[in-house]
file query_6.csv (CSV, C-alpha atoms)
chain,number,residue,atom,x,y,z
V,1,MET,CA,-30.1,9.1,9.8
V,2,THR,CA,-28.9,7.5,13.0
V,3,ALA,CA,-29.7,4.1,11.6
V,4,SER,CA,-26.9,4.6,9.0
V,5,ASP,CA,-24.4,4.3,11.8
V,6,HIS,CA,-25.2,0.7,12.4
V,7,THR,CA,-25.6,-1.0,9.1
V,8,GLY,CA,-23.3,-3.9,9.5
V,9,PRO,CA,-19.7,-4.8,9.7
V,10,GLU,CA,-18.8,-4.0,6.1
V,11,ARG,CA,-19.8,-0.4,6.5
V,12,ASP,CA,-18.0,-0.2,9.8
V,13,ASP,CA,-14.8,-1.6,8.2
V,14,ASP,CA,-15.1,1.0,5.4
V,15,ALA,CA,-15.6,3.8,7.9
V,16,LEU,CA,-12.6,2.5,9.9
V,17,ALA,CA,-10.5,2.4,6.7
V,18,ALA,CA,-11.5,6.0,6.0
V,19,GLU,CA,-10.6,7.1,9.6
V,20,TYR,CA,-7.3,5.3,9.4
V,21,VAL,CA,-6.4,7.0,6.1
V,22,LEU,CA,-7.6,10.3,7.3
V,23,GLY,CA,-5.4,10.0,10.3
V,24,VAL,CA,-7.9,10.7,13.1
V,25,LEU,CA,-7.4,7.5,15.1
V,26,SER,CA,-5.5,7.2,18.3
V,27,ALA,CA,-2.1,5.5,18.4
V,28,ASP,CA,-3.6,2.2,19.6
V,29,GLU,CA,-6.4,2.2,17.0
V,30,ARG,CA,-3.9,3.0,14.3
V,31,GLN,CA,-1.7,0.1,15.3
V,32,VAL,CA,-4.6,-2.3,15.2
V,33,ALA,CA,-5.7,-1.0,11.8
V,34,ALA,CA,-2.1,-1.2,10.5
V,35,GLN,CA,-1.9,-4.8,11.6
V,36,ARG,CA,-5.2,-5.6,9.9
V,37,VAL,CA,-3.9,-4.1,6.6
V,38,GLU,CA,-1.1,-6.7,6.8
V,39,ARG,CA,-3.3,-9.6,7.5
V,40,ASP,CA,-6.6,-8.9,5.9
V,41,PRO,CA,-6.5,-8.3,2.1
V,42,VAL,CA,-10.2,-7.2,2.0
V,43,PHE,CA,-9.5,-4.5,4.6
V,44,ALA,CA,-6.3,-3.6,2.9
V,45,ARG,CA,-8.3,-2.9,-0.3
V,46,LEU,CA,-10.7,-0.7,1.6
V,47,VAL,CA,-7.7,1.3,2.9
V,48,ASP,CA,-6.2,1.5,-0.6
V,49,ALA,CA,-9.5,2.8,-2.0
V,50,TRP,CA,-9.6,5.6,0.6
V,51,GLN,CA,-6.0,6.4,0.0
V,52,GLY,CA,-6.9,6.9,-3.6
V,53,ARG,CA,-10.1,8.8,-2.9
V,54,LEU,CA,-8.5,11.3,-0.5
V,55,SER,CA,-5.1,11.6,-2.4
V,56,PRO,CA,-6.1,14.8,-4.3
V,57,LEU,CA,-6.0,16.5,-0.9
V,58,ALA,CA,-2.3,15.9,-0.8
V,59,ALA,CA,-2.0,18.8,-3.3
V,60,GLY,CA,-2.3,20.9,-0.1
V,61,TYR,CA,1.2,19.8,1.0
V,62,ALA,CA,3.9,22.3,-0.1
V,63,GLU,CA,7.1,21.1,-1.5
V,64,VAL,CA,10.0,21.9,0.8
V,65,GLU,CA,13.6,21.2,0.0
V,66,ALA,CA,15.1,19.0,2.7
V,67,PRO,CA,18.6,19.7,3.9
V,68,VAL,CA,21.4,17.8,2.2
V,69,SER,CA,22.2,16.1,5.5
V,70,VAL,CA,19.0,14.1,5.3
V,71,LYS,CA,20.0,12.1,2.2
V,72,ALA,CA,23.5,11.6,3.6
V,73,ALA,CA,22.0,10.2,6.8
V,74,ILE,CA,19.7,7.9,4.8
V,75,ASP,CA,22.6,6.5,2.8
V,76,ARG,CA,24.6,6.0,6.0
V,77,ARG,CA,21.7,4.0,7.5
V,78,LEU,CA,21.1,1.9,4.5
V,79,PHE,CA,24.4,1.4,2.8
V,80,THR,CA,27.3,1.5,5.3
V,81,ARG,CA,26.7,-1.8,7.0
V,82,GLY,CA,28.5,-3.4,4.2
V,83,ALA,CA,28.3,-7.1,3.2
V,84,ALA,CA,25.5,-8.2,5.5
V,85,GLN,CA,23.2,-5.6,3.9
V,86,GLU,CA,24.2,-6.6,0.4
V,87,ASP,CA,23.6,-10.3,1.0
V,88,ARG,CA,20.1,-9.6,2.1
V,89,GLY,CA,19.8,-7.6,-1.2
V,90,GLY,CA,19.9,-10.8,-3.2
V,91,LEU,CA,17.0,-12.4,-1.4
V,92,TRP,CA,15.0,-9.2,-1.3
V,93,SER,CA,15.5,-8.5,-4.9
V,94,SER,CA,14.2,-11.9,-6.0
V,95,LEU,CA,11.1,-11.4,-3.8
V,96,ALA,CA,10.8,-7.9,-5.0
V,97,PHE,CA,11.1,-9.0,-8.5
V,98,TRP,CA,8.2,-11.4,-8.4
V,99,ARG,CA,6.1,-8.9,-6.5
V,100,GLY,CA,7.2,-6.4,-9.2
V,101,LEU,CA,5.7,-8.6,-11.8
V,102,THR,CA,2.5,-8.8,-9.9
V,103,ALA,CA,2.2,-5.1,-10.4
V,104,ALA,CA,1.9,-5.8,-14.0
V,105,ALA,CA,-1.2,-7.9,-13.2
V,106,VAL,CA,-2.6,-5.4,-10.8
V,107,ALA,CA,-1.8,-2.1,-12.4
V,108,ALA,CA,-1.7,-1.3,-16.0
V,109,LEU,CA,0.6,1.5,-15.2
V,110,VAL,CA,3.4,-0.8,-14.0
V,111,LEU,CA,2.6,-3.3,-16.7
V,112,ALA,CA,3.3,-0.7,-19.4
V,113,THR,CA,6.5,0.6,-17.8
V,114,ALA,CA,8.2,-1.6,-15.3
V,115,VAL,CA,8.3,-5.0,-17.1
V,116,PRO,CA,10.3,-3.8,-20.1
V,117,TYR,CA,12.4,-1.8,-17.7
V,118,LEU,CA,13.3,-4.9,-15.7
V,119,GLY,CA,15.2,-6.0,-18.7
V,120,THR,CA,13.1,-8.7,-20.1
V,121,PRO,CA,14.5,-9.1,-23.6
V,122,PRO,CA,11.7,-8.3,-26.0
V,123,SER,CA,13.1,-10.6,-28.6
V,124,GLN,CA,12.4,-13.6,-26.4
V,125,PRO,CA,8.7,-14.1,-26.2
V,126,GLN,CA,8.6,-16.6,-23.3
V,127,THR,CA,5.3,-17.5,-21.7
V,128,GLU,CA,5.1,-15.6,-18.4
V,129,LEU,CA,1.9,-15.7,-16.6
V,130,VAL,CA,1.0,-14.2,-13.3
V,131,ALA,CA,-1.8,-14.8,-10.8
V,132,SER,CA,-2.8,-13.1,-7.6
V,133,LEU,CA,-4.3,-15.6,-5.3
V,134,ALA,CA,-6.7,-14.7,-2.6
V,135,ALA,CA,-10.1,-15.8,-1.3
V,136,GLU,CA,-12.9,-14.3,0.7
V,137,GLY,CA,-12.8,-15.3,4.4
V,138,SER,CA,-9.1,-16.3,4.1
V,139,ASP,CA,-6.1,-14.2,5.0
V,140,VAL,CA,-3.8,-16.2,2.8
V,141,ARG,CA,-2.5,-14.3,-0.2
V,142,TYR,CA,0.0,-15.5,-2.7
V,143,VAL,CA,1.4,-14.3,-6.0
V,144,ALA,CA,2.2,-17.0,-8.5
V,145,VAL,CA,4.3,-16.6,-11.6
V,146,TYR,CA,4.5,-19.3,-14.2
V,147,ASP,CA,7.7,-19.0,-16.1
V,148,GLY,CA,7.4,-21.0,-19.3
V,149,GLY,CA,11.0,-20.5,-20.3
V,150,ARG,CA,12.3,-22.2,-17.1
V,151,ASN,CA,9.2,-24.3,-16.6
V,152,GLU,CA,8.6,-23.4,-13.1
V,153,VAL,CA,6.0,-21.8,-10.9
V,154,ARG,CA,7.3,-19.3,-8.5
V,155,LEU,CA,5.2,-18.5,-5.4
V,156,SER,CA,5.5,-15.6,-3.1
V,157,ARG,CA,3.5,-15.5,0.0
V,158,LEU,CA,2.2,-12.0,0.8
V,159,ALA,CA,0.1,-12.9,3.8
V,160,GLY,CA,-1.2,-15.8,5.9
V,161,GLN,CA,0.3,-18.4,8.1
V,162,LEU,CA,0.3,-22.2,7.9
V,163,ALA,CA,-0.3,-24.5,10.9
V,164,PRO,CA,2.7,-26.7,11.5
V,165,ASP,CA,0.8,-29.9,10.8
V,166,LYS,CA,-0.6,-28.7,7.5
V,167,ASP,CA,0.7,-28.0,4.0
V,168,PHE,CA,-0.6,-25.8,1.2
V,169,GLU,CA,-1.1,-27.5,-2.2
V,170,LEU,CA,-1.3,-25.7,-5.5
V,171,TRP,CA,-4.0,-26.8,-8.0
V,172,LEU,CA,-4.7,-26.0,-11.6
V,173,ILE,CA,-8.3,-25.8,-12.5
V,174,GLU,CA,-9.3,-25.8,-16.1
V,175,GLY,CA,-12.9,-25.2,-16.9
V,176,LYS,CA,-15.1,-27.8,-15.3
V,177,ASN,CA,-12.4,-30.4,-15.1
V,178,ALA,CA,-11.3,-31.8,-11.8
V,179,PRO,CA,-8.4,-29.9,-10.2
V,180,VAL,CA,-5.0,-31.2,-11.1
V,181,SER,CA,-2.2,-30.9,-8.5
V,182,VAL,CA,0.7,-28.8,-9.4
V,183,GLY,CA,2.4,-29.7,-6.2
V,184,VAL,CA,2.7,-29.2,-2.5
V,185,VAL,CA,3.9,-25.7,-1.8
V,186,PRO,CA,7.3,-25.8,-0.1
V,187,ALA,CA,7.5,-23.8,3.1
V,188,GLY,CA,8.8,-20.3,3.2
V,189,ALA,CA,7.9,-16.9,2.0
V,190,THR,CA,9.0,-17.8,-1.5
V,191,ALA,CA,8.9,-21.1,-3.2
V,192,ARG,CA,9.3,-22.9,-6.5
V,193,LEU,CA,7.5,-25.7,-8.1
V,194,VAL,CA,8.4,-27.6,-11.2
V,195,PRO,CA,5.1,-28.9,-12.8
V,196,SER,CA,4.9,-32.1,-14.7
V,197,ALA,CA,4.8,-31.9,-18.5
V,198,PRO,CA,1.0,-32.2,-18.9
V,199,VAL,CA,0.4,-29.6,-16.2
V,200,GLN,CA,3.0,-27.4,-17.9
V,201,GLN,CA,1.0,-27.3,-21.1
V,202,LYS,CA,-2.2,-26.3,-19.3
V,203,LEU,CA,-0.4,-23.6,-17.3
V,204,ALA,CA,0.9,-22.1,-20.5
V,205,GLN,CA,-2.6,-21.8,-21.8
V,206,GLY,CA,-3.7,-19.9,-18.7
V,207,ALA,CA,-6.0,-21.3,-16.1
V,208,VAL,CA,-7.2,-20.8,-12.6
V,209,LEU,CA,-4.8,-21.6,-9.8
V,210,ALA,CA,-6.0,-22.5,-6.3
V,211,ILE,CA,-4.3,-23.2,-3.0
V,212,SER,CA,-6.0,-25.6,-0.6
V,213,LEU,CA,-5.2,-26.5,2.9
V,214,GLU,CA,-4.1,-30.1,3.1
V,215,PRO,CA,-2.6,-32.6,5.6
V,216,LYS,CA,1.2,-32.6,5.9
V,217,GLY,CA,2.6,-33.9,2.6
V,218,GLY,CA,-0.3,-33.0,0.5
V,219,SER,CA,-3.7,-34.4,-0.4
V,220,PRO,CA,-3.9,-38.1,0.2
V,221,THR,CA,-6.6,-38.5,-2.5
V,222,GLY,CA,-5.2,-36.6,-5.4
V,223,GLN,CA,-8.1,-34.1,-5.1
V,224,PRO,CA,-8.3,-31.1,-2.8
V,225,THR,CA,-9.5,-32.3,0.7
V,226,GLY,CA,-9.3,-29.0,2.6
V,227,PRO,CA,-10.7,-25.6,2.0
V,228,VAL,CA,-9.4,-23.4,-0.8
V,229,VAL,CA,-7.6,-20.6,1.0
V,230,ALA,CA,-6.6,-18.6,-2.1
V,231,ALA,CA,-7.3,-18.7,-5.8
V,232,GLY,CA,-6.9,-16.5,-8.9
V,233,ASP,CA,-6.6,-16.4,-12.7
V,234,LEU,CA,-3.3,-16.8,-14.5
V,235,LYS,CA,-2.9,-13.8,-16.7
V,236,ASN,CA,-0.6,-13.0,-19.5
V,237,ILE,CA,1.8,-10.2,-18.9
Z,1,MET,CA,8.6,13.3,-14.2
Z,2,THR,CA,5.5,11.5,-15.2
Z,3,PRO,CA,3.8,9.0,-12.8
Z,4,GLU,CA,5.1,6.3,-15.1
Z,5,ASP,CA,8.7,7.5,-14.5
Z,6,ILE,CA,8.1,7.5,-10.7
Z,7,ALA,CA,6.6,4.0,-10.9
Z,8,LYS,CA,9.7,2.8,-12.8
Z,9,LEU,CA,12.0,4.3,-10.1
Z,10,ILE,CA,10.0,2.6,-7.3
Z,11,VAL,CA,10.2,-0.7,-9.1
Z,12,ARG,CA,13.9,-0.3,-9.7
Z,13,THR,CA,14.3,0.7,-6.1
Z,14,SER,CA,12.6,-2.6,-5.1
Z,15,LEU,CA,15.4,-4.3,-7.1
Z,16,LYS,CA,17.9,-2.5,-4.9
Z,17,ASP,CA,19.1,-0.1,-7.7
Z,18,ARG,CA,20.7,2.7,-5.8
Z,19,ALA,CA,20.9,5.0,-8.8
Z,20,ALA,CA,17.1,4.7,-9.1
Z,21,PHE,CA,16.7,5.3,-5.4
Z,22,ASP,CA,18.8,8.4,-5.5
Z,23,LEU,CA,16.8,9.8,-8.4
Z,24,LEU,CA,13.6,8.9,-6.7
Z,25,TYR,CA,14.8,10.8,-3.7
Z,26,ARG,CA,15.7,13.8,-5.8
Z,27,GLN,CA,12.3,13.8,-7.5
Z,28,THR,CA,10.0,13.2,-4.5
Z,29,SER,CA,11.8,14.2,-1.2
Z,30,ALA,CA,10.6,17.8,-1.3
Z,31,LYS,CA,7.0,16.7,-1.4
Z,32,LEU,CA,7.4,14.1,1.2
Z,33,PHE,CA,9.4,16.5,3.4
Z,34,GLY,CA,6.4,18.9,3.0
Z,35,VAL,CA,4.2,16.1,4.3
Z,36,CYS,CA,6.4,15.4,7.3
Z,37,LEU,CA,6.7,19.1,8.1
Z,38,ARG,CA,3.0,19.8,7.9
Z,39,VAL,CA,2.1,16.9,10.2
Z,40,LEU,CA,5.0,17.2,12.7
Z,41,SER,CA,5.4,21.0,12.6
Z,42,ASP,CA,8.9,20.6,13.8
Z,43,ARG,CA,11.9,20.7,11.5
Z,44,GLY,CA,14.2,18.5,13.3
Z,45,GLU,CA,11.6,15.8,13.8
Z,46,ALA,CA,10.4,16.2,10.2
Z,47,GLU,CA,14.0,15.6,9.0
Z,48,GLU,CA,14.2,12.4,11.1
Z,49,ALA,CA,10.9,11.3,9.8
Z,50,LEU,CA,11.9,11.9,6.2
Z,51,GLN,CA,15.0,9.7,6.8
Z,52,GLU,CA,12.8,6.9,8.1
Z,53,VAL,CA,10.3,7.3,5.3
Z,54,PHE,CA,13.0,6.8,2.7
Z,55,VAL,CA,14.5,3.9,4.6
Z,56,LYS,CA,11.0,2.4,4.4
Z,57,VAL,CA,10.7,3.2,0.7
Z,58,TRP,CA,14.0,1.3,0.2
Z,59,THR,CA,13.0,-1.7,2.2
Z,60,LYS,CA,9.4,-1.9,1.2
Z,61,ALA,CA,9.4,-0.7,-2.4
Z,62,ASP,CA,8.1,-4.1,-3.4
Z,63,ARG,CA,4.9,-3.3,-1.6
Z,64,PHE,CA,4.1,-0.7,-4.2
Z,65,ALA,CA,3.5,-3.6,-6.6
Z,66,ILE,CA,0.6,-5.0,-4.6
Z,67,SER,CA,-1.1,-1.7,-4.0
Z,68,GLU,CA,-3.3,-0.1,-6.5
Z,69,LEU,CA,-2.3,3.4,-5.8
Z,70,SER,CA,-0.5,5.8,-8.2
Z,71,PRO,CA,3.2,6.0,-7.4
Z,72,MET,CA,3.0,9.5,-5.9
Z,73,SER,CA,-0.1,8.5,-3.8
Z,74,TRP,CA,1.8,5.5,-2.6
Z,75,LEU,CA,4.8,7.5,-1.5
Z,76,ILE,CA,2.6,10.1,0.2
Z,77,ALA,CA,0.7,7.4,2.0
Z,78,VAL,CA,4.0,6.0,3.3
Z,79,ALA,CA,5.1,9.4,4.5
Z,80,ARG,CA,1.7,10.4,6.0
Z,81,ASN,CA,1.4,7.1,7.8
Z,82,HIS,CA,4.8,7.4,9.2
Z,83,ALA,CA,4.5,11.1,10.3
Z,84,ILE,CA,1.0,10.5,11.8
Z,85,ASP,CA,2.2,7.4,13.7
Z,86,ARG,CA,5.0,9.6,15.0
Z,87,ILE,CA,2.9,12.4,16.1
Z,88,ARG,CA,0.5,10.0,17.9
Z,89,ALA,CA,3.4,8.6,19.8
Z,90,ARG,CA,4.1,12.0,21.1
Z,91,ARG,CA,2.6,13.1,24.4
Z,92,ARG,CA,1.4,16.5,23.3
Z,93,PRO,CA,1.0,18.1,19.9
Z,94,ALA,CA,3.1,21.1,19.1
Z,95,ALA,CA,1.5,24.3,20.1
Z,96,ASP,CA,0.3,25.8,16.9
Z,97,ILE,CA,1.0,24.1,13.6
Z,98,ASP,CA,0.2,26.9,11.2
Z,99,ALA,CA,2.0,29.5,13.4
Z,100,ALA,CA,5.1,27.4,13.6
Z,101,LEU,CA,5.3,27.0,9.8
Z,102,ASP,CA,4.3,29.2,7.0
Z,103,VAL,CA,2.9,26.4,5.0
Z,104,ALA,CA,-0.8,27.0,5.6
Z,105,ASP,CA,-2.0,27.5,2.0
Z,106,PRO,CA,0.6,26.6,-0.5
Z,107,ALA,CA,0.0,26.6,-4.2
Z,108,PRO,CA,0.1,23.0,-5.3
Z,109,GLY,CA,3.2,22.2,-7.3
Z,110,PRO,CA,3.1,20.9,-10.9
Z,111,GLU,CA,3.6,17.4,-9.8
Z,112,ALA,CA,0.8,17.6,-7.3
Z,113,MET,CA,-1.4,18.9,-10.0
Z,114,ALA,CA,-0.4,16.1,-12.3
Z,115,VAL,CA,-1.1,13.5,-9.7
Z,116,ALA,CA,-4.4,15.0,-8.7
Z,117,GLY,CA,-5.6,15.8,-12.2
Z,118,GLY,CA,-9.3,16.2,-12.6
Z,119,GLU,CA,-9.9,14.2,-9.4
Z,120,ALA,CA,-8.9,17.3,-7.4
Z,121,ASP,CA,-11.9,19.3,-8.6
Z,122,ARG,CA,-14.2,16.5,-7.8
Z,123,ILE,CA,-13.1,16.0,-4.2
Z,124,HIS,CA,-13.3,19.7,-3.6
Z,125,ARG,CA,-16.8,19.9,-5.1
Z,126,CYS,CA,-17.9,16.9,-2.9
Z,127,LEU,CA,-16.4,18.5,0.2
Z,128,GLU,CA,-18.4,21.6,-0.6
Z,129,GLU,CA,-21.6,19.6,-0.4
Z,130,LEU,CA,-20.8,18.9,3.3
Z,131,GLU,CA,-21.3,21.4,6.1
Z,132,GLN,CA,-18.4,23.8,6.1
Z,133,ASP,CA,-17.0,22.8,9.5
Z,134,ARG,CA,-17.1,19.2,8.6
Z,135,ALA,CA,-15.3,19.7,5.3
Z,136,ASP,CA,-12.7,21.8,7.2
Z,137,ALA,CA,-12.3,19.0,9.7
Z,138,ILE,CA,-11.7,16.5,6.9
Z,139,ARG,CA,-9.2,18.7,5.2
Z,140,GLY,CA,-7.4,19.6,8.4
Z,141,ALA,CA,-7.3,16.0,9.6
Z,142,TYR,CA,-5.9,14.9,6.3
Z,143,LEU,CA,-3.2,17.5,6.0
Z,144,LYS,CA,-2.2,17.8,9.6
Z,145,GLY,CA,-3.0,14.3,10.9
Z,146,GLU,CA,-5.2,15.7,13.7
Z,147,SER,CA,-6.7,13.1,16.0
Z,148,TYR,CA,-10.4,12.8,17.0
Z,149,VAL,CA,-9.3,14.2,20.4
Z,150,GLU,CA,-7.8,17.3,18.9
Z,151,LEU,CA,-10.7,17.8,16.5
Z,152,ALA,CA,-13.3,17.4,19.2
Z,153,GLU,CA,-11.5,20.0,21.4
Z,154,ARG,CA,-11.2,22.5,18.6
Z,155,HIS,CA,-14.8,22.1,17.5
Z,156,GLY,CA,-15.9,22.1,21.2
Z,157,VAL,CA,-17.9,18.9,20.9
Z,158,PRO,CA,-17.7,15.5,22.7
Z,159,LEU,CA,-15.4,13.0,21.1
Z,160,ASN,CA,-18.1,10.6,20.2
Z,161,THR,CA,-20.1,13.4,18.5
Z,162,MET,CA,-17.0,14.3,16.5
Z,163,ARG,CA,-16.6,10.7,15.5
Z,164,THR,CA,-20.2,10.3,14.4
Z,165,TRP,CA,-20.0,13.6,12.4
Z,166,LEU,CA,-16.8,12.7,10.7
Z,167,ARG,CA,-17.9,9.1,9.9
Z,168,ARG,CA,-21.1,10.3,8.3
Z,169,SER,CA,-19.3,13.0,6.4
Z,170,LEU,CA,-16.8,10.5,5.1
Z,171,ILE,CA,-19.6,8.2,3.9
Z,172,ARG,CA,-21.3,11.1,2.2
Z,173,LEU,CA,-18.0,12.1,0.6
Z,174,ARG,CA,-17.6,8.6,-0.8
Z,175,GLU,CA,-21.2,8.6,-2.1
Z,176,CYS,CA,-20.6,11.9,-3.8
Z,177,LEU,CA,-17.3,10.7,-5.3
Z,178,GLU,CA,-18.9,7.6,-6.6
Z,179,ARG,CA,-21.8,9.4,-8.2
call {"tool": "encode", "arguments": {"input": "query_6.csv", "output": "structure tokens"}}
result
Amino acid sequence: MTASDHTGPERDDDALAAEYVLGVLSADERQVAAQRVERDPVFARLVDAWQGRLSPLAAGYAEVEAPVSVKAAIDRRLFTRGAAQEDRGGLWSSLAFWRGLTAAAVAALVLATAVPYLGTPPSQPQTELVASLAAEGSDVRYVAVYDGGRNEVRLSRLAGQLAPDKDFELWLIEGKNAPVSVGVVPAGATARLVPSAPVQQKLAQGAVLAISLEPKGGSPTGQPTGPVVAAGDLKNI
Amino acid sequence: MTPEDIAKLIVRTSLKDRAAFDLLYRQTSAKLFGVCLRVLSDRGEAEEALQEVFVKVWTKADRFAISELSPMSWLIAVARNHAIDRIRARRRPAADIDAALDVADPAPGPEAMAVAGGEADRIHRCLEELEQDRADAIRGAYLKGESYVELAERHGVPLNTMRTWLRRSLIRLRECLER
């Protein structure tokens, strides 16, 4: 049995994820694990899986009414700073909105409920496709939404950093054809790209999107030159 | 409220809809306060923690979308993580958690049952396959956020032994749940 303690890093990560979720780690170990959750999507998935596995134990928590003063204090903290807070709301909501749509791709639960709730008019069947972009061995994670109505690809970076002398470039891959550039991804946590007409058509049919690491300004050859740091399928929502 | 309703409220909260946030608070704060109380075993501190948990829910509601958890599990994870971080930052744990609060063996509320569903039976059956003291350690650690140090002390074993025990038990638990 002792051998089972040392069967490689994957198992260690899974055990670490379990310990983190269970809550037995020290303050320092928890901090390290929490940072990994932010940076490492593979580890984050292990943690999520354990959260899910152990969640029935939460039935052991009694429901206890909190004093009214708590909600009042929350509202004071969140809503009394006035305009500054509200202004941030705009940016946050757009980011949140696109991440909200990812939920649709990730969880059927939210797909079924949130999207109609967000006020998408059902009478307007615009193409809207979503892709969650990630790759093994890379900490870069993006969500891409192709909005056929506005003809734009919206990107939201969930994780990963870019070196100052590099750019991310977004590619469309259709079957066995050579990748077609959608464009260099503008800097920032959220970005928009307007694809050319032929790319647009292919996007609307659903394809694989990939992000590669390129020299500043994008690939000099018209084909990816650097490693693919994230990729995923465009799915209909 | 169904899990779908709670999911809608979280998504609307991520869009900075205050009415949705208020309703989300009304529907879920009792459970999350229960989490904070159980882990922190101090009312004042639990009230502060609950504030911080809902501030996090407001600012990080968009994260719910990228997790694969059910809405209640996601909220409970936010609350547990926060309360456990808080208790770890403390020098010494409160004297006796169960004595300080009469919340040792509550009957699960209807919402908890709805969330847990048939999964609850399975995890309890799988815990029963473990040695009793290890199953107790897992349950206790989950509910109270006990650290390895505390568990080792309580079970009178060296810390590394505790860690090996618990790691093995968790792996066996996973294997049982995946069977």
call {"tool": "residues_around", "arguments": {"input": "query_6.csv", "residues": "Z:Val57", "least_positions_apart": "6", "cutoff": "10 Å", "atoms": "all atoms listed in the file", "output": "PyMOL selection string"}}
result
chain Z and resi 10+13-14+21+24-25+51+63-64+74-75+78-79
call {"tool": "closest_residue", "arguments": {"input": "query_6.csv", "among": "V:Ala44, V:Leu213, V:Val194, V:Ala187", "to": "chain Z", "atoms": "only C-alpha atoms"}}
result
V:Ala44
call {"tool": "residues_around", "arguments": {"input": "query_6.csv", "residues": "V:Arg30", "least_positions_apart": "2", "cutoff": "10 Å", "atoms": "only C-alpha atoms", "output": "ChimeraX atom specification"}}
result
/V:16,19-21,23-28,32-36 /Z:81,84-85,88
call {"tool": "atom_distance", "arguments": {"input": "query_6.csv", "atom1": "atom CA of V:Pro164", "atom2": "atom CA of V:Val182"}}
result
21.1 Å
call {"tool": "residues_around", "arguments": {"input": "query_6.csv", "residues": "stretch 130-144 of chain Z", "least_positions_apart": "3", "cutoff": "6 Å", "atoms": "all atoms listed in the file", "output": "PyMOL selection string"}}
result
(chain V and resi 22) or (chain Z and resi 38-39+127)
call {"tool": "atom_distance", "arguments": {"input": "query_6.csv", "atom1": "atom CA of V:Ala207", "atom2": "atom CA of Z:Val11"}}
result
27.1 Å
call {"tool": "closest_residue", "arguments": {"input": "query_6.csv", "among": "V:Phe79, V:Tyr61, V:Tyr146, V:Phe168", "to": "chain Z", "atoms": "only C-alpha atoms"}}
result
V:Tyr61
call {"tool": "residues_near_point", "arguments": {"input": "query_6.csv", "point": "(-5.2, -23.8, -21.8)", "cutoff": "12 Å", "atoms": "only C-alpha atoms", "output": "list in words"}}
result
Leu129, Leu172, Ile173, Glu174, Gly175, Asn177, Pro198, Val199, Gln200, Gln201, Lys202, Leu203, Ala204, Gln205, Gly206, Ala207, Val208, Asp233, Leu234, Lys235 and Asn236 of chain V
